[in-house]
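Peer 1: Got structure-v1.cif for you, mmCIF, C-alpha atoms:
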```cif
data_upload
#
loop_
_atom_site.label_atom_id
_atom_site.label_comp_id
_atom_site.auth_asym_id
_atom_site.auth_seq_id
_atom_site.Cartn_x
_atom_site.Cartn_y
_atom_site.Cartn_z
CA MET A 436 138.48 139.73 135.33
CA ALA A 437 139.21 142.68 137.59
CA TRP A 438 137.38 145.86 136.75
CA SER A 439 139.34 149.08 136.98
CA ARG A 440 138.89 152.75 136.27
CA ASN A 441 140.78 152.24 133.00
CA ASP A 442 138.26 149.58 131.99
CA ASN A 443 135.37 151.88 132.87
CA ALA A 444 136.87 154.76 130.87
CA LEU A 445 137.45 152.46 127.90
CA GLU A 446 133.86 151.24 128.04
CA HIS A 447 132.57 154.83 128.00
CA LEU A 448 134.83 155.66 125.05
CA ALA A 449 133.59 152.59 123.17
CA ARG A 450 129.93 153.44 123.79
CA PHE A 451 130.47 157.05 122.77
CA GLY A 452 132.17 155.75 119.63
CA TYR A 453 129.30 153.47 118.69
CA GLY A 454 126.95 156.40 119.18
CA ALA A 455 129.02 158.75 117.00
CA ARG A 456 129.20 156.17 114.21
CA GLY A 457 125.46 155.64 114.51
CA ILE A 458 124.74 159.35 114.15
CA VAL A 459 126.91 159.58 111.02
CA TYR A 460 125.08 156.75 109.28
CA CYS A 461 121.69 158.03 110.36
CA VAL A 462 122.54 161.32 108.65
CA VAL A 463 123.95 159.51 105.58
CA GLY A 464 120.83 157.39 105.25
CA GLY A 465 118.38 160.17 106.03
CA LEU A 466 119.85 162.55 103.46
CA ALA A 467 119.93 159.81 100.81
CA VAL A 468 116.28 158.90 101.49
CA LEU A 469 115.31 162.55 101.02
CA ALA A 470 117.31 162.64 97.78
CA ALA A 471 115.56 159.50 96.52
CA LEU A 472 112.18 161.05 97.26
CA GLY A 473 113.15 164.37 95.65
CA GLN A 474 112.89 166.27 98.91
CA GLY A 475 116.20 168.10 98.73
CA GLY A 476 118.62 165.73 100.40
CA SER A 477 121.92 164.52 98.95
CA ALA A 478 123.03 160.91 98.47
CA GLY A 479 126.61 161.25 99.66
CA ASP A 480 129.18 159.54 101.85
CA SER A 481 130.15 159.97 105.50
CA LYS A 482 132.14 163.14 104.80
CA SER A 483 129.12 164.66 103.05
CA ALA A 484 127.05 163.81 106.12
CA LEU A 485 129.55 165.58 108.38
CA ARG A 486 129.42 168.67 106.18
CA ALA A 487 125.62 168.60 106.35
CA VAL A 488 125.75 168.50 110.15
CA LEU A 489 128.31 171.31 110.11
CA GLY A 490 125.81 173.52 108.30
CA GLY A 491 123.18 173.11 111.01
CA PRO A 492 122.74 174.82 114.38
CA PHE A 493 125.82 174.40 116.62
CA GLY A 494 127.33 172.51 113.69
CA ALA A 495 130.97 172.98 114.64
CA VAL A 496 130.35 171.80 118.21
CA ILE A 497 128.38 168.74 117.12
CA VAL A 498 130.92 167.78 114.46
CA GLY A 499 133.67 168.23 117.02
CA LEU A 500 131.90 165.82 119.38
CA ILE A 501 131.42 163.38 116.50
CA ALA A 502 135.15 163.65 115.75
CA PHE A 503 135.96 162.71 119.34
CA GLY A 504 133.45 159.87 119.19
CA LEU A 505 134.87 158.49 115.96
CA ALA A 506 138.38 158.66 117.39
CA SER A 507 137.08 156.77 120.42
CA PHE A 508 135.54 154.17 118.15
CA ALA A 509 138.82 153.80 116.28
CA LEU A 510 140.60 153.26 119.61
CA TRP A 511 138.08 150.61 120.63
CA ARG A 512 138.56 148.84 117.29
CA VAL A 513 142.31 148.75 117.98
CA VAL A 514 141.64 147.26 121.41
CA GLU A 515 139.24 144.68 119.93
CA GLY A 516 141.73 143.68 117.27
CA ALA A 517 144.84 143.67 119.45
CA THR A 518 143.50 142.11 122.67
CA ASP A 519 140.57 139.94 121.51
CA ALA A 520 138.29 141.85 123.89
CA ASP A 521 135.24 140.02 122.50
CA ARG A 522 136.76 136.60 123.26
CA ARG A 523 136.50 135.37 119.69
CA GLY A 524 139.42 132.99 120.03
CA ARG A 525 142.15 132.17 117.52
CA SER A 526 140.26 130.45 114.71
CA ALA A 527 140.82 131.63 111.14
CA LYS A 528 137.45 133.42 111.19
CA ALA A 529 138.22 135.08 114.52
CA LEU A 530 141.61 136.30 113.33
CA ALA A 531 140.02 137.65 110.14
CA VAL A 532 137.45 139.58 112.19
CA ARG A 533 140.17 140.98 114.43
CA GLY A 534 142.17 142.03 111.37
CA ALA A 535 139.08 143.70 109.95
CA HIS A 536 138.70 145.61 113.22
CA LEU A 537 142.23 146.98 112.85
CA ILE A 538 141.49 148.09 109.27
CA SER A 539 138.26 149.65 110.51
CA ALA A 540 140.26 151.53 113.14
CA VAL A 541 142.35 153.16 110.40
CA ILE A 542 139.26 154.12 108.41
CA TYR A 543 137.44 155.66 111.36
CA ALA A 544 140.57 157.42 112.57
CA GLY A 545 140.77 159.07 109.14
CA LEU A 546 137.11 160.05 109.33
CA ALA A 547 137.66 161.40 112.83
CA LEU A 548 140.53 163.53 111.50
CA THR A 549 138.29 164.86 108.72
CA ALA A 550 135.56 165.69 111.23
CA GLY A 551 138.04 167.45 113.48
CA GLN A 552 139.36 169.51 110.59
CA LEU A 553 135.83 170.51 109.60
CA ALA A 554 134.96 171.43 113.18
CA PHE A 555 137.97 173.77 113.34
CA GLY A 556 137.33 175.21 109.90
CA ILE A 557 140.24 173.44 108.20
CA GLY A 558 139.81 172.21 104.65
CA ARG A 559 136.22 173.28 104.09
CA ALA A 560 137.13 174.65 100.69
CA SER A 561 138.24 171.19 99.56
CA ALA A 562 134.94 169.59 100.48
CA GLY A 563 134.47 167.82 97.15
CA GLY A 564 136.13 164.72 95.82
CA ASP A 565 135.86 161.01 96.38
CA GLY A 566 138.17 159.49 98.97
CA VAL A 567 138.12 156.05 97.35
CA ARG A 568 139.04 157.56 93.99
CA ASP A 569 141.82 159.62 95.56
CA TRP A 570 143.57 156.74 97.30
CA THR A 571 143.04 154.50 94.26
CA LYS A 572 144.85 157.08 92.15
CA TRP A 573 147.70 157.21 94.65
CA LEU A 574 147.94 153.43 94.88
CA LEU A 575 147.94 152.97 91.10
CA ASN A 576 151.05 155.13 90.92
CA GLN A 577 152.98 152.83 93.28
CA PRO A 578 155.03 149.79 92.20
CA PHE A 579 152.65 146.92 91.39
CA GLY A 580 149.86 149.48 91.79
CA PRO A 581 147.13 147.65 89.82
CA TRP A 582 147.79 144.49 91.82
CA LEU A 583 147.59 146.40 95.09
CA VAL A 584 144.35 148.06 94.04
CA GLY A 585 142.99 144.67 93.03
CA ILE A 586 143.81 143.22 96.44
CA VAL A 587 142.07 146.14 98.14
CA GLY A 588 139.05 145.68 95.88
CA LEU A 589 138.85 142.00 96.79
CA GLY A 590 139.09 142.91 100.46
CA ILE A 591 136.23 145.40 100.18
CA ALA A 592 134.11 142.85 98.30
CA ALA A 593 134.92 140.24 100.96
CA ALA A 594 133.73 142.68 103.64
CA GLY A 595 130.52 143.10 101.66
CA ILE A 596 130.02 139.34 101.61
CA GLY A 597 130.63 139.28 105.36
CA TYR A 598 128.00 141.95 105.95
CA ALA A 599 125.54 140.11 103.71
CA ALA A 600 126.19 136.79 105.45
CA LYS A 601 125.60 138.41 108.83
CA ALA A 602 122.36 139.92 107.56
CA TRP A 603 121.21 136.56 106.19
CA LYS A 604 122.12 134.07 108.91
CA GLY A 605 124.25 135.80 111.53
CA ASN A 606 123.20 136.62 115.08
CA VAL A 607 123.31 140.41 115.01
CA THR A 608 122.10 140.78 118.60
CA GLU A 609 124.38 138.19 120.24
CA ARG A 610 126.49 140.82 121.99
CA LEU A 611 123.56 143.00 123.05
CA SER A 612 121.85 142.90 126.45
CA LEU A 613 118.40 143.96 125.30
CA PRO A 614 115.25 144.60 127.33
CA ALA A 615 112.53 141.96 127.16
CA GLY A 616 110.38 142.15 124.03
CA ALA A 617 112.81 144.30 122.04
CA GLU A 618 115.04 141.64 120.53
CA ALA A 619 112.81 140.73 117.55
CA TRP A 620 112.49 144.21 116.04
CA ILE A 621 116.08 145.15 116.85
CA ASP A 622 117.22 141.95 115.12
CA ARG A 623 115.27 142.91 111.98
CA LEU A 624 116.62 146.47 112.14
CA GLY A 625 120.20 145.22 112.40
CA ARG A 626 119.79 142.71 109.56
CA PHE A 627 118.33 145.40 107.31
CA GLY A 628 121.29 147.67 108.07
CA TYR A 629 123.88 144.96 107.50
CA ALA A 630 122.23 143.96 104.22
CA ALA A 631 122.39 147.54 102.94
CA ARG A 632 126.04 147.83 103.95
CA GLY A 633 126.79 144.51 102.29
CA LEU A 634 125.31 145.64 98.99
CA VAL A 635 127.22 148.91 98.82
CA PHE A 636 130.49 147.26 99.86
CA LEU A 637 130.08 144.75 97.04
CA MET A 638 129.43 147.63 94.63
CA ILE A 639 132.42 149.63 95.88
CA GLY A 640 134.60 146.54 95.66
CA GLY A 641 133.44 146.09 92.08
CA PHE A 642 134.30 149.70 91.26
CA VAL A 643 137.79 149.31 92.74
CA LEU A 644 138.40 146.02 90.90
CA THR A 645 137.36 147.71 87.66
CA ALA A 646 139.85 150.50 88.34
CA ALA A 647 142.57 147.88 88.93
CA TRP A 648 141.75 146.23 85.59
CA THR A 649 141.57 149.45 83.58
CA GLN A 650 144.29 151.21 85.62
CA ALA A 651 142.01 154.27 85.69
CA SER A 652 141.22 155.75 89.10
CA SER A 653 138.14 157.42 87.61
CA ASP A 654 136.46 153.99 87.59
CA ALA A 655 136.74 153.74 91.38
CA SER A 656 134.10 155.26 93.62
CA GLY A 657 132.87 155.13 97.18
CA LEU A 658 129.48 155.28 98.85
CA SER A 659 128.28 158.29 96.87
CA GLY A 660 129.15 156.46 93.64
CA ALA A 661 127.22 153.40 94.80
CA PHE A 662 124.20 155.58 95.56
CA SER A 663 124.47 157.22 92.12
CA ALA A 664 124.71 153.82 90.41
CA LEU A 665 121.56 152.66 92.18
CA ARG A 666 119.73 155.85 91.24
CA ALA A 667 120.63 155.29 87.57
CA GLN A 668 118.84 151.91 87.43
CA PRO A 669 115.23 151.41 86.35
CA TYR A 670 113.09 152.43 89.32
CA GLY A 671 116.34 153.68 90.73
CA TRP A 672 114.72 156.02 93.20
CA VAL A 673 113.07 153.01 94.84
CA LEU A 674 116.38 151.13 95.03
CA LEU A 675 118.13 154.18 96.42
CA ALA A 676 115.39 154.77 98.98
CA ILE A 677 115.59 151.15 100.21
CA VAL A 678 119.38 151.09 100.49
CA ALA A 679 119.43 154.56 102.04
CA ALA A 680 116.83 153.47 104.59
CA GLY A 681 119.09 150.49 105.30
CA HIS A 682 121.94 152.86 106.10
CA PHE A 683 119.67 154.80 108.43
CA ALA A 684 118.79 151.46 110.06
CA PHE A 685 122.50 150.67 110.38
CA GLY A 686 123.00 154.00 112.13
CA ALA A 687 120.04 153.41 114.44
CA PHE A 688 121.42 149.97 115.25
CA GLY A 689 124.71 151.64 116.14
CA LEU A 690 122.89 153.87 118.63
CA ILE A 691 121.34 150.75 120.15
CA GLN A 692 124.80 149.19 120.36
CA ALA A 693 126.01 152.29 122.18
CA ARG A 694 123.45 151.62 124.91
CA TYR A 695 123.13 147.85 125.07
CA ARG A 696 126.29 146.24 123.69
CA HIS A 697 128.23 144.02 126.07
CA ILE A 698 131.71 145.57 126.27
CA ASP A 699 134.24 143.46 128.14
CA ALA A 700 137.07 145.94 128.36
CA PRO A 701 140.46 144.33 129.07
CA ASP A 702 142.34 145.30 132.22
CA LEU A 703 144.89 147.78 130.93
CA ASP A 704 146.28 148.86 134.30
CA GLU A 705 148.98 146.24 134.03
CA GLY A 706 149.58 146.69 130.31
CA ASP A 707 152.71 148.28 128.93
CA GLY A 708 151.88 148.04 125.22
CA ALA A 709 150.83 150.66 122.71
CA VAL A 710 147.12 150.02 123.32
CA ALA A 711 147.50 150.55 127.07
CA ARG A 712 149.45 153.77 126.56
CA ALA A 713 146.85 155.05 124.08
CA VAL A 714 143.99 154.43 126.51
CA ARG A 715 145.86 156.10 129.37
CA ALA A 716 146.47 159.13 127.16
CA ALA A 717 142.77 159.30 126.28
CA ARG A 718 141.63 159.42 129.88
#
```
As structure tokens, please, write out the structure in this file.

Peer 2:
Amino acid sequence: MAWSRNDNALEHLARFGYGARGIVYCVVGGLAVLAALGQGGSAGDSKSALRAVLGGPFGAVIVGLIAFGLASFALWRVVEGATDADRRGRSAKALAVRGAHLISAVIYAGLALTAGQLAFGIGRASAGGDGVRDWTKWLLNQPFGPWLVGIVGLGIAAAGIGYAAKAWKGNVTERLSLPAGAEAWIDRLGRFGYAARGLVFLMIGGFVLTAAWTQASSDASGLSGAFSALRAQPYGWVLLAIVAAGHFAFGAFGLIQARYRHIDAPDLDEGDGAVARAVRAAR
């Protein structure tokens, strides 16, 4: 495959995106660990993490860079899903993964928009709320709303099963070019992170399915709700600390991906599609 300046730019965008996502989850996990230990943190979602970063030194600049990184990650997910950049093939599993990448692109594009708004001082007053609960409420009001919410809940739960399966028996380092001697501990770090993500996705999927059954958006909740549910269990602070540490591990693994992941960017110089135009615009 010919390598071009477009490919090189796309690779840099993808790596920057993995790094931005990693930073967000490191902050999410770190704050939740502190909350579990009673040290003043908060067990919130990605938006809460962005607001925490915003309150620190050079917060607006850092959040602005994270916004650009998340937008870059969303773009790379579109490329992965639309062009099969990872050479997964056309099996049912491969097509499902590519579809999941496209859904992920939408999610991270939304988070990038939120980060950009925060960086420019837009919408800080409306910092509260639960995004999952908000879109569940909107979806319930549409025709066949409960059925649509139920389908989304099943999809989230299926993603959780996928994360858990990858943690249990998947090869989490197969697309990483790691230095000698590092693969064993990075493999354990990645599995821990995927396991934590799998658990919370299963919980969130359960919340959404409950909302579909009861037709009450108040029963739906996102990551912050999953953290709260863990904290409410017997020895909940221990459960929260473990799952929060897993999210920190997931973020750290994302930073490793930013450095060592094999990224086979497609040659977009000859492309005339929407993906090619988007990458040209991002250069």

Peer 1: Record the distance separating atom CA of Ala676 of chain A and atom CA of Ala471 of chain A, expressed in Å with one decimal.

Peer 2: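 It comes out at 5.3 Å.
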
Peer 1: Which one is closest to Tyr543 of chain A: A:Gly657, A:Gly681, A:Gly504, A:Gly616? Count only C-alpha atoms.

Peer 2: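 That would be A:Gly504, the residue with the smallest distance to Tyr543 of chain A.
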
Peer 1: Suppose you want the space between atom CA of Leu553 of chain A and atom CA of Leu658 of chain A; what is it in Å?

Peer 2: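 Calculated distance between atom CA of Leu553 of chain A and atom CA of Leu658 of chain A is 19.7 Å.
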
Peer 1: Measuring between only C-alpha atoms, which one of A:Gly479, A:Gly566, A:Gly580, A:Gly597 shows the shortest distance to Lys528 of chain A?

Peer 2: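 Looking only at the distances to Lys528 of chain A, the closest residue turns out to be A:Gly597.
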
Peer 1: Which value, in Å to one decimal, gives the distance between atom CA of Leu613 of chain A and atom CA of His697 of chain A?

Peer 2: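 Calculated distance between atom CA of Leu613 of chain A and atom CA of His697 of chain A is 9.9 Å.
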
Peer 1: Smallest atom-to-atom distance to Ala487 of chain A: which of A:Leu466, A:Ala535, A:Ala679, A:Met638, using only C-alpha atoms?

Peer 2: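 The answer is A:Leu466, which sits nearest to Ala487 of chain A.
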
Peer 1: Counting all atoms listed in the file, which of A:Cys461, A:Ala531, A:Ala550, A:Ala594 gets nearest to Gly633 of chain A?

Peer 2: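 The shortest atom-to-atom distance to Gly633 of chain A comes from A:Ala594.
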
Peer 1: Which is closest to Ala593 of chain A among A:Gly556, A:Phe636, A:Leu574, A:Thr649, if we use all atoms listed in the file?

Peer 2: A:Phe636

Peer 1: Check the smallest atom-to-atom distance from each of A:Phe493, A:Ala646, A:Arg696, A:His536 to Trp570 of chain A using only C-alpha atoms, then report the winner.

Peer 2: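 Closest to Trp570 of chain A of all the choices is A:Ala646.
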
Peer 1: Name all residues at most 10 Å from Ile586 of chain A (count all atoms listed in the file; drop same-chain ones fewer than 3 positions away) and give them as a PyMOL selection string.

Peer 2: chain A and resi 580-583+589-592+640+643-644+647

Peer 1: Write out as a PyMOL selection string which residues come within 6 Å of segment 619-632 of chain A when counting all atoms listed in the file, dropping same-chain ones fewer than 6 positions away.

Peer 2: chain A and resi 598-599+602+678+681-682+684-685+688

Peer 1: Here's the selection I'm unsure about, the PyMOL selection byres ((chain A and resi 521) around 12); applied to the file above, which residues does it give, as a PyMOL selection string?

Peer 2: chain A and resi 511-512+514-520+522-525+529-530+532-533+536+609-610+696-701

Peer 1: Would you give the centre and edge lengths, in Å to one decimal, of a box along x, y and z around the listed atoms of segment 620-625 of chain A, with 6 Å added to each side, as AutoDock Vina command-line options?

Peer 2:
```
--center_x 116.3 --center_y 144.2 --center_z 114.4 --size_x 19.7 --size_y 16.5 --size_z 16.9
```

Peer 1: What residues come out when you apply the PyMOL selection byres ((chain A and resi 659) around 10) to this file, written as a list in words?

Peer 2: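 Given this file, the PyMOL selection byres ((chain A and resi 659) around 10) evaluates to Val463, Ala467, Ser477, Ala478, Gly479, Asp480, Ser481, Ser483, Asp565, Val635, Ile639, Ser656, Gly657, Leu658, Gly660, Ala661, Phe662, Ser663, Ala664 and Leu665 of chain A.
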
Peer 1: Starting from the displayed file, determine the output of the PyMOL selection byres ((chain A and resi 540) around 7) and express the residue list as a PyMOL selection string.

Peer 2: chain A and resi 509-510+512-513+536-539+541-544

Peer 1: Output C-alpha atoms of each residue in that selection to a file, as a compact mmCIF listing (two decimals), in the coordinates of the input.

Peer 2:
```
# COMPACT_ATOMS: atom_id res chain seq x y z
CA ALA A 509 138.82 153.80 116.28
CA LEU A 510 140.60 153.26 119.61
CA ARG A 512 138.56 148.84 117.29
CA VAL A 513 142.31 148.75 117.98
CA HIS A 536 138.70 145.61 113.22
CA LEU A 537 142.23 146.98 112.85
CA ILE A 538 141.49 148.09 109.27
CA SER A 539 138.26 149.65 110.51
CA VAL A 541 142.35 153.16 110.40
CA ILE A 542 139.26 154.12 108.41
CA TYR A 543 137.44 155.66 111.36
CA ALA A 544 140.57 157.42 112.57
```
